[in-house]
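**Student:** The following file, coords-v1.txt, comprises compact mmCIF, C-alpha atoms:
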```
# COMPACT_ATOMS: atom_id res chain seq x y z
CA MET A 1 31.90 -26.12 5.41
CA LYS A 2 28.21 -26.31 4.41
CA SER A 3 27.46 -23.53 6.87
CA LEU A 4 30.17 -21.36 5.33
CA VAL A 5 28.87 -21.94 1.80
CA ALA A 6 25.32 -21.11 2.85
CA ARG A 7 26.54 -17.93 4.49
CA PHE A 8 28.48 -16.90 1.41
CA ALA A 9 25.45 -17.57 -0.82
CA ALA A 10 23.23 -15.46 1.44
CA ILE A 11 25.69 -12.56 1.26
CA ILE A 12 25.83 -12.76 -2.55
CA LEU A 13 22.02 -12.80 -2.81
CA ALA A 14 21.78 -9.82 -0.48
CA MET A 15 24.26 -7.89 -2.62
CA ILE A 16 22.32 -8.68 -5.82
CA TRP A 17 19.06 -7.67 -4.19
CA THR A 18 20.51 -4.34 -3.02
CA LEU A 19 21.90 -3.59 -6.49
CA VAL A 20 18.57 -4.16 -8.22
CA ILE A 21 16.77 -1.95 -5.71
CA ILE A 22 19.33 0.80 -6.33
CA ALA A 23 18.79 0.36 -10.08
CA LEU A 24 15.04 0.84 -9.61
CA TYR A 25 15.73 3.90 -7.47
CA GLN A 26 18.04 5.42 -10.09
CA ARG A 27 15.48 4.88 -12.85
CA SER A 28 13.06 7.15 -10.98
CA LEU A 29 15.40 10.15 -11.30
CA ARG A 30 15.03 12.11 -14.51
CA HIS A 31 16.14 15.71 -13.85
CA PRO A 32 19.42 16.57 -15.65
CA THR A 33 20.88 19.17 -13.28
CA HIS A 34 19.62 18.75 -9.75
CA TYR A 35 20.13 16.37 -6.86
CA ARG A 36 16.84 14.67 -6.08
CA THR A 37 15.54 11.78 -4.08
CA MET A 38 12.59 9.64 -5.13
CA ALA A 39 10.51 11.33 -2.43
CA MET A 40 11.28 14.75 -3.94
CA ASP A 41 10.46 13.39 -7.41
CA ALA A 42 7.03 12.45 -6.16
CA LEU A 43 6.21 16.11 -5.59
CA VAL A 44 7.21 17.23 -9.10
CA ASN A 45 4.69 17.33 -11.95
CA ASN A 46 4.74 14.03 -13.79
CA PRO A 47 3.95 13.97 -17.52
CA GLU A 48 2.27 10.58 -17.22
CA SER A 49 -1.51 10.73 -17.25
CA ALA A 50 -3.00 9.41 -14.02
CA PRO A 51 -6.71 8.59 -14.00
CA SER A 52 -8.60 11.72 -12.97
CA SER A 53 -12.16 12.47 -11.98
CA ARG A 54 -11.54 16.20 -11.41
CA SER A 55 -10.12 19.20 -13.22
CA SER A 56 -6.48 20.21 -12.82
CA ILE A 57 -7.34 23.19 -10.59
CA PRO A 58 -4.96 23.19 -7.58
CA VAL A 59 -6.55 22.01 -4.35
CA LYS A 60 -5.43 21.89 -0.76
CA LYS A 61 -3.39 18.89 0.36
CA SER A 62 -5.54 15.92 1.29
CA LYS A 63 -5.26 14.49 4.78
CA ILE A 64 -4.51 10.77 4.93
CA LEU A 65 -5.16 8.46 7.86
CA CYS A 66 -3.16 5.22 7.66
CA TRP A 67 -4.01 2.22 9.77
CA VAL A 68 -2.02 -0.98 10.15
CA LEU A 69 -3.34 -4.42 11.06
CA THR A 70 -0.95 -6.45 13.20
CA GLN A 71 -0.89 -9.25 15.79
CA PRO A 72 1.01 -9.76 19.07
CA LYS A 73 3.81 -11.89 17.59
CA ASN A 74 4.42 -9.21 14.96
CA HIS A 75 4.48 -6.15 17.20
CA LYS A 76 8.19 -5.79 16.42
CA ASN A 77 7.16 -5.04 12.82
CA VAL A 78 5.16 -2.07 14.08
CA MET A 79 8.34 -0.46 15.39
CA ALA A 80 9.79 -0.56 11.86
CA VAL A 81 6.62 0.96 10.38
CA ARG A 82 6.59 3.70 13.04
CA ASN A 83 10.24 4.54 12.34
CA THR A 84 9.80 4.66 8.55
CA TRP A 85 6.71 5.30 6.42
CA GLY A 86 4.17 5.39 9.26
CA SER A 87 5.57 8.73 10.42
CA ARG A 88 4.68 10.37 7.08
CA CYS A 89 0.92 9.85 7.17
CA ASP A 90 -1.11 12.63 8.77
CA LYS A 91 -2.10 10.07 11.39
CA THR A 92 -1.25 6.39 11.76
CA LEU A 93 -3.16 3.88 13.90
CA TYR A 94 -2.14 0.32 14.78
CA PHE A 95 -4.68 -2.40 15.60
CA SER A 96 -4.11 -5.80 17.23
CA SER A 97 -5.89 -8.26 19.52
CA GLU A 98 -3.63 -7.00 22.34
CA ALA A 99 -2.86 -3.42 23.27
CA ASN A 100 0.71 -2.15 23.53
CA ASP A 101 1.03 1.30 25.10
CA THR A 102 4.71 1.65 24.17
CA LEU A 103 3.93 1.22 20.48
CA SER A 104 0.50 2.94 20.66
CA ILE A 105 -1.22 -0.25 19.49
CA LEU A 106 -4.99 -0.28 20.00
CA LYS A 107 -6.82 -3.43 21.06
CA LEU A 108 -9.66 -4.84 19.00
CA ASP A 109 -11.88 -7.28 20.84
CA VAL A 110 -11.42 -9.99 18.20
CA PRO A 111 -9.47 -13.28 18.52
CA GLU A 112 -6.33 -13.82 16.45
CA GLY A 113 -6.34 -16.09 13.42
CA ARG A 114 -6.84 -15.66 9.69
CA LYS A 115 -10.52 -16.55 9.87
CA HIS A 116 -11.08 -13.57 12.15
CA LEU A 117 -9.47 -11.01 9.79
CA PRO A 118 -12.81 -9.86 8.29
CA LYS A 119 -14.14 -9.00 11.75
CA LYS A 120 -10.87 -7.34 12.73
CA THR A 121 -10.87 -5.22 9.60
CA ALA A 122 -14.51 -4.25 10.01
CA LYS A 123 -13.90 -3.13 13.60
CA ALA A 124 -10.81 -1.15 12.65
CA PHE A 125 -12.68 0.67 9.87
CA ARG A 126 -15.54 1.36 12.27
CA TYR A 127 -13.08 2.87 14.75
CA CYS A 128 -11.66 5.14 12.03
CA HIS A 129 -15.18 6.15 11.00
CA ASP A 130 -16.41 6.87 14.52
CA HIS A 131 -13.35 8.88 15.58
CA TYR A 132 -11.89 10.44 12.44
CA LEU A 133 -14.36 10.48 9.53
CA GLU A 134 -14.61 14.27 9.23
CA GLU A 135 -10.96 14.92 10.07
CA PHE A 136 -9.41 12.99 7.14
CA ASP A 137 -10.03 12.63 3.42
CA TRP A 138 -8.50 9.20 2.70
CA PHE A 139 -8.17 6.04 4.79
CA LEU A 140 -5.37 3.60 3.97
CA LYS A 141 -5.42 0.04 5.28
CA ALA A 142 -2.05 -1.77 5.36
CA ASP A 143 -0.49 -4.84 6.94
CA ASP A 144 2.54 -4.76 9.23
CA ASP A 145 4.71 -5.97 6.32
CA THR A 146 3.51 -3.32 3.86
CA PHE A 147 5.75 -0.41 2.89
CA ILE A 148 4.09 2.80 1.65
CA VAL A 149 5.67 5.71 -0.21
CA VAL A 150 3.31 8.28 1.29
CA GLU A 151 4.35 11.18 -0.97
CA ASN A 152 3.43 9.15 -4.05
CA LEU A 153 0.11 8.22 -2.47
CA ARG A 154 -0.60 11.91 -1.88
CA LYS A 155 0.22 12.64 -5.51
CA PHE A 156 -2.15 9.94 -6.75
CA VAL A 157 -5.15 10.86 -4.56
CA SER A 158 -4.75 14.53 -5.53
CA ASN A 159 -6.44 13.54 -8.82
CA PHE A 160 -9.66 12.62 -7.04
CA SER A 161 -12.23 13.92 -4.59
CA SER A 162 -12.77 12.12 -1.27
CA SER A 163 -16.47 12.96 -1.52
CA GLU A 164 -16.75 10.41 -4.34
CA PRO A 165 -17.47 6.73 -3.48
CA ILE A 166 -14.15 5.26 -4.71
CA TYR A 167 -11.26 3.12 -3.53
CA PHE A 168 -7.79 2.20 -4.82
CA GLY A 169 -5.25 -0.61 -4.62
CA HIS A 170 -3.88 -3.57 -6.59
CA ASN A 171 -6.90 -5.04 -8.36
CA PHE A 172 -7.43 -8.79 -8.18
CA MET A 173 -10.07 -9.42 -10.85
CA ARG A 174 -11.82 -12.35 -9.18
CA TYR A 175 -15.22 -13.21 -7.69
CA PHE A 176 -16.97 -9.88 -8.42
CA LYS A 177 -17.61 -7.69 -11.45
CA GLN A 178 -15.02 -5.08 -10.44
CA GLY A 179 -12.79 -7.48 -8.48
CA TYR A 180 -11.27 -6.54 -5.13
CA MET A 181 -8.09 -4.90 -3.87
CA SER A 182 -5.19 -6.92 -2.45
CA GLY A 183 -5.08 -6.56 1.33
CA GLY A 184 -1.32 -7.02 1.54
CA ALA A 185 -0.58 -4.30 -1.01
CA GLY A 186 -2.77 -1.94 0.97
CA TYR A 187 -5.91 -0.20 -0.24
CA VAL A 188 -7.38 3.27 0.19
CA LEU A 189 -10.98 4.29 0.81
CA SER A 190 -12.31 7.79 0.22
CA ARG A 191 -14.23 9.43 3.03
CA GLU A 192 -17.49 8.68 1.22
CA ALA A 193 -16.49 5.03 0.69
CA LEU A 194 -15.69 4.62 4.39
CA LYS A 195 -18.97 6.26 5.34
CA ARG A 196 -20.96 3.84 3.17
CA PHE A 197 -18.96 0.82 4.31
CA VAL A 198 -19.61 1.48 8.00
CA THR A 199 -23.06 3.08 8.10
CA ILE A 200 -24.66 0.81 5.48
CA GLY A 201 -22.34 -2.17 4.98
CA LEU A 202 -21.79 -2.84 8.67
CA ALA A 203 -25.27 -1.83 9.83
CA ALA A 204 -26.85 -4.17 12.37
CA GLU A 205 -29.99 -4.56 10.26
CA GLY A 206 -30.61 -4.49 6.53
CA SER A 207 -26.97 -4.61 5.52
CA PRO A 208 -26.17 -5.95 2.03
CA CYS A 209 -22.80 -7.16 3.35
CA LYS A 210 -22.18 -10.27 5.42
CA VAL A 211 -18.93 -10.23 7.37
CA HIS A 212 -18.91 -14.00 7.94
CA ASP A 213 -19.54 -15.00 4.31
CA VAL A 214 -15.86 -14.99 3.35
CA GLY A 215 -12.53 -15.84 4.97
CA ASN A 216 -10.36 -13.06 3.55
CA GLU A 217 -10.73 -9.46 4.65
CA ASP A 218 -9.85 -8.01 1.24
CA VAL A 219 -12.51 -10.17 -0.44
CA LEU A 220 -15.03 -9.06 2.19
CA VAL A 221 -14.28 -5.39 1.66
CA GLY A 222 -14.33 -5.74 -2.14
CA SER A 223 -17.65 -7.58 -2.09
CA CYS A 224 -19.24 -5.10 0.25
CA LEU A 225 -18.00 -1.98 -1.54
CA GLU A 226 -19.25 -3.26 -4.90
CA ARG A 227 -22.72 -3.78 -3.42
CA LEU A 228 -22.56 -0.25 -2.03
CA LYS A 229 -21.70 1.13 -5.50
CA VAL A 230 -18.20 2.17 -4.48
CA LYS A 231 -16.05 2.22 -7.61
CA ALA A 232 -12.75 0.30 -7.75
CA VAL A 233 -10.38 2.71 -9.52
CA ASP A 234 -7.46 1.39 -11.59
CA THR A 235 -4.09 2.52 -10.26
CA VAL A 236 -1.71 1.47 -13.07
CA ASP A 237 0.14 4.22 -14.93
CA ASP A 238 -0.20 5.02 -18.64
CA LYS A 239 2.06 2.05 -19.45
CA GLN A 240 -0.04 -0.26 -17.27
CA ARG A 241 2.71 -0.54 -14.66
CA GLU A 242 1.51 -1.13 -11.12
CA ARG A 243 1.64 1.44 -8.34
CA PHE A 244 0.46 -0.98 -5.63
CA LEU A 245 2.54 -4.19 -5.47
CA PRO A 246 1.27 -7.30 -3.64
CA LEU A 247 4.90 -8.56 -3.56
CA ASP A 248 8.35 -7.23 -2.80
CA PRO A 249 9.67 -5.58 -6.01
CA VAL A 250 12.62 -7.97 -6.14
CA HIS A 251 10.15 -10.64 -7.35
CA TYR A 252 9.31 -8.44 -10.33
CA LEU A 253 12.87 -7.34 -11.03
CA LEU A 254 14.27 -10.87 -10.94
CA LYS A 255 11.22 -12.34 -12.70
CA MET A 256 10.28 -14.84 -10.02
CA TRP A 257 6.67 -14.29 -9.06
CA PRO A 258 4.13 -16.99 -8.06
CA ASN A 259 1.50 -18.23 -10.51
CA TRP A 260 -1.37 -16.75 -8.52
CA LEU A 261 -0.17 -13.24 -9.37
CA LEU A 262 -0.82 -13.93 -13.06
CA ASP A 263 -4.15 -15.61 -12.33
CA PHE A 264 -5.52 -12.87 -10.08
CA SER A 265 -4.13 -9.52 -11.26
CA LYS A 266 -6.36 -7.42 -13.50
CA PHE A 267 -3.33 -6.15 -15.41
CA ARG A 268 -0.68 -8.61 -16.48
CA PRO A 269 2.46 -8.14 -14.35
CA LYS A 270 5.54 -6.85 -16.14
CA LYS A 271 9.05 -8.17 -15.55
CA GLY A 272 12.39 -6.45 -15.15
CA LYS A 273 13.03 -2.73 -14.86
CA GLU A 274 9.70 -1.85 -16.50
CA CYS A 275 7.77 -3.81 -13.88
CA CYS A 276 6.52 -0.96 -11.79
CA ALA A 277 5.32 2.62 -12.01
CA GLU A 278 7.90 5.33 -11.40
CA TYR A 279 5.68 6.77 -8.70
CA ILE A 280 5.25 3.49 -6.88
CA ILE A 281 2.99 3.59 -3.82
CA SER A 282 3.17 0.26 -1.98
CA LEU A 283 5.24 -2.90 -1.56
CA HIS A 284 4.29 -6.08 0.30
CA TYR A 285 6.07 -8.86 2.21
CA VAL A 286 8.64 -6.36 3.43
CA SER A 287 10.56 -7.43 6.54
CA PRO A 288 11.53 -4.86 9.21
CA SER A 289 15.15 -4.85 7.98
CA LYS A 290 14.02 -4.23 4.39
CA MET A 291 11.77 -1.41 5.57
CA TYR A 292 14.79 0.38 6.99
CA LEU A 293 16.74 -0.33 3.79
CA TYR A 294 14.01 1.00 1.49
CA ASP A 295 13.54 4.01 3.70
CA TYR A 296 17.26 4.79 3.55
CA LEU A 297 17.55 4.32 -0.22
CA ILE A 298 14.50 6.47 -0.93
CA TYR A 299 14.97 9.25 1.60
CA GLY A 300 18.56 9.05 2.76
CA THR A 301 20.61 8.89 -0.46
CA LYS A 302 21.07 11.23 -3.41
CA LEU A 303 22.17 10.77 -7.00
CA ALA A 304 24.45 13.24 -8.76
CA SER A 305 22.24 13.12 -11.84
CA GLU A 306 24.46 15.35 -13.98
CA PHE A 307 27.08 12.59 -13.89
CA THR A 308 24.78 9.72 -14.87
CA VAL A 309 25.33 7.96 -18.18
```
Represent the structure of the file as structure tokens.
**Tutor:**
Amino acid sequence: MKSLVARFAAIILAMIWTLVIIALYQRSLRHPTHYRTMAMDALVNNPESAPSSRSSIPVKKSKILCWVLTQPKNHKNVMAVRNTWGSRCDKTLYFSSEANDTLSILKLDVPEGRKHLPKKTAKAFRYCHDHYLEEFDWFLKADDDTFIVVENLRKFVSNFSSSEPIYFGHNFMRYFKQGYMSGGAGYVLSREALKRFVTIGLAAEGSPCKVHDVGNEDVLVGSCLERLKVKAVDTVDDKQRERFLPLDPVHYLLKMWPNWLLDFSKFRPKKGKECCAEYIISLHYVSPSKMYLYDYLIYGTKLASEFTV
């Protein structure tokens, strides 16, 4: 009987969760006469004012390299990333302590364990620098439980130049003057930021950055980039709604986030339907099954907007 009740409760929670995600999806559609998906919306001019360091003169599409940090026990997560958002980057790399030819996972010669994440991250960024620096404009780091809406990322970075020393993400305003970006929500380095991080920050001699000083990779990167005069750019929209989420959006929609989110976030989190930017870029703590669900709701369904109330 207890098992049956637990099962029923799980089904009800799943239904509620799906409904709130659909509600968020529907809110992103604003055109009165056309069928559009959220992904299509991302390519339409948005009246909201995103931070900009350039003029509005049209430029060629930026090339984005995405790389995902994983570990052997999570290689199944990589399959979900490959089958969903990972396929939309211009190139996607996967790094682990063990190679997997089937999933195109590259081996980093670093032991597993949280304390080794700074070294793992440094080596992955070095690999991207040594092999792809001149080929790509932007370099996104994500975890294997991060979901990225790549079209919205493209829209956001189109406001900036990759030759500037800048990086983006969800800003945790702790430890340093400009804070650091949440690793789980994903963060993006410009080509110039990556160049400085590797050639100066990770230099064998005279580096202002110390990889072993901290235990968290995002803190390491934030500390190092600040010393290298790489600017942390705010990514909230004009209503201060987040584009990069360090949690699954259901936590925001159902108003059940942990205390650390309030303590760390530069901008106070918002609850309910106004929690997040319309052109949301990243979500965190997303299981493989949720990745497929988000991917389907965003790219596989349409709304007959002329019949909406």
**Student:** Which residue, A:Glu151, A:Asp238, A:Glu98, A:Glu274, has the smallest gap to A:Tyr252 when you use only C-alpha atoms?
**Tutor:**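 Among A:Glu151, A:Asp238, A:Glu98, A:Glu274, it is A:Glu274 that comes nearest to A:Tyr252.
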**Student:** For A:Ile281, which residue among A:Leu220, A:Val157, A:Leu253, A:Leu194 is the nearest when counting only C-alpha atoms?
**Tutor:**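 Comparing A:Leu220, A:Val157, A:Leu253, A:Leu194 against A:Ile281, the winner is A:Val157.
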**Student:** I need the residue nearest A:Pro208 from this list: A:Ala193, A:Val188, A:Leu297, A:Leu225. Use all atoms listed in the file for the distance.
**Tutor:**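 Smallest distance to A:Pro208 is found for A:Leu225.
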**Student:** So which residues touch A:Cys66 within 8 Å, counting all atoms listed in the file, skipping near sequence neighbours fewer than 2 positions away, as a ChimeraX atom specification?
**Tutor:** /A:64,68,86,89-93,139-142
**Student:** Could you tell me, as a PDB file with C-alpha atoms, in the frame of the given file, which residues have any atom at most 9 Å from (7.9, -11.8, 4.0), counting all atoms listed in the file?
**Tutor:**
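Contents of the output file selection-v6.pdb:
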```
ATOM      1  CA  ASP A 145       4.710  -5.970   6.320  1.00  0.00           C
ATOM      2  CA  LEU A 247       4.900  -8.560  -3.560  1.00  0.00           C
ATOM      3  CA  ASP A 248       8.350  -7.230  -2.800  1.00  0.00           C
ATOM      4  CA  HIS A 284       4.290  -6.080   0.300  1.00  0.00           C
ATOM      5  CA  TYR A 285       6.070  -8.860   2.210  1.00  0.00           C
ATOM      6  CA  VAL A 286       8.640  -6.360   3.430  1.00  0.00           C
ATOM      7  CA  SER A 287      10.560  -7.430   6.540  1.00  0.00           C
TER       8      SER A 287
END
```
**Student:** How many Å separate atom CA of A:Ala124 from atom CA of A:Thr146?
**Tutor:**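 Result for atom CA of A:Ala124 versus atom CA of A:Thr146: 16.9 Å, one decimal.
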**Student:** Just the number, please: distance in Å from atom CA of A:Trp260 to atom CA of A:Phe156, one decimal.
**Tutor:**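 One can read the atom CA of A:Trp260 to atom CA of A:Phe156 distance as 26.8 Å.
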